[in-house]
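One structure is given here, and the rest of the page talks about it.
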Amino acid sequence: LGAEEIGLVGGFEYVDQLSDSEIDRSVANFNMDMVGTAWEPATQLYVNVVDGQPNTVWEQADSAAQRLDNDILFLFERGASDHVAFHEAGIDAANFIWREPGTHDLEPWYHTPEDTIDNVSPEKIQQVGDLIDSAVSDLILS
């Protein structure tokens with residue numbers, strides 16, 4: 001089993017080593033998590049924000065989804081991933097993750113030894129990649 005999320009050590013360590021200038025220049029953090037699940041019930045891409053409020057990441061992703069005629073996004077209040085450290089440093093941040101609509105369930109092999117390559121959907125990775133590419137590109141150009 002992996003332990004990358006215990007204490008969110010990686011995200012906090014990364015943000016802690018940023019200078020004040022680097023934090024001030026940081027516009028947004030787009031954190032991808034399980035964006036390639038092949039679990040069929042996971043048809044909604046949750047955009048988890050720590051405080052549940054729309055921020056730059058949500059706005060850019062939502063705008064990109066509309067341009068791409070893509071109705072998969074769902075704004076959700078949730079921490080528990082590496083985007084938390086960026087949020088706490090004052091950087092708009094969100095975590096993108098596929099979940100089952102309504103139940104908010106994750107794939108059954110989440111954090112298990114069954115989390116293998118055969119449970120990955122290249123199509124979902126492409127869909128999220130296109131969305132994030134559009135969102136980040138527009139953010140950079142604005």
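We name chains A, B, ... following the order of the structure tokens; residues begin at 1 in each chain, and ligands are numbered from 1 as shown.
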What lies within 9 Å of range 77-85 of chain A using only C-alpha atoms, ignoring chain neighbours under 6 positions off, as a PyMOL selection string?
chain A and resi 5+7-16+29-31+33+47-53+91-95
As a check of understanding: the span from CA of Trp98 in chain A to CA of Thr43 in chain A is 6.6 Å
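Across A:Asp133, A:Asp20, A:Glu40, A:Asp138, the tightest approach to Asn119 in chain A is made by A:Glu40 when counting only C-alpha atoms.
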Find the spatial neighbours of Arg99 in chain A, counting only C-alpha atoms, within a cut-off of 8 Å - ignore same-chain residues fewer than 6 positions away - and output them as a compact mmCIF listing (two decimals) with C-alpha atoms, in the first residue's frame.
```txt
# COMPACT_ATOMS: atom_id res chain seq x y z
CA PRO A 41 -19.49 4.53 -12.07
CA ALA A 42 -16.92 7.34 -11.68
CA THR A 43 -18.37 9.64 -14.33
CA GLN A 44 -18.03 13.00 -12.60
CA LEU A 45 -14.77 14.88 -12.22
CA TYR A 46 -14.81 16.40 -8.76
CA ASP A 105 -17.60 7.04 -4.01
CA LEU A 106 -14.11 6.32 -5.28
CA GLU A 107 -12.97 3.31 -7.25
```
Based on the backbone DSSP call, show me all residues of range 47-78 of chain A assigned strand (DSSP E), as an NGL selection string.
:A and (47-49 or 73-77)
Could you pull out the helix (DSSP H, G or I) residues of range 16-92 of chain A from DSSP and send them as a ChimeraX atom specification?
/A:16,20-25,56-67,83-88
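You will find CA of Leu131 in chain A at 29.3 Å from CA of Gln17 in chain A.
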What does the structure give for the distance between CA of Glu123 in chain A and CA of Gly36 in chain A, in Å to one decimal?
7.7 Å
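Proximity to Ile125 in chain A was assessed for A:Ser26, A:Asn70, A:Thr37, A:Thr112 counting only C-alpha atoms; the smallest distance is recorded for A:Thr37.
The shortest atom-to-atom distance to Ile132 in chain A, with only C-alpha atoms taken into account, belongs to A:Ala64 out of A:Ile97, A:Ile72, A:Ala64, A:Val120.
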Selected residue, from A:Leu68, A:Ile117, A:Val136, A:Leu73, that lies nearest to Ala28 in chain A when counting only C-alpha atoms:
A:Val136
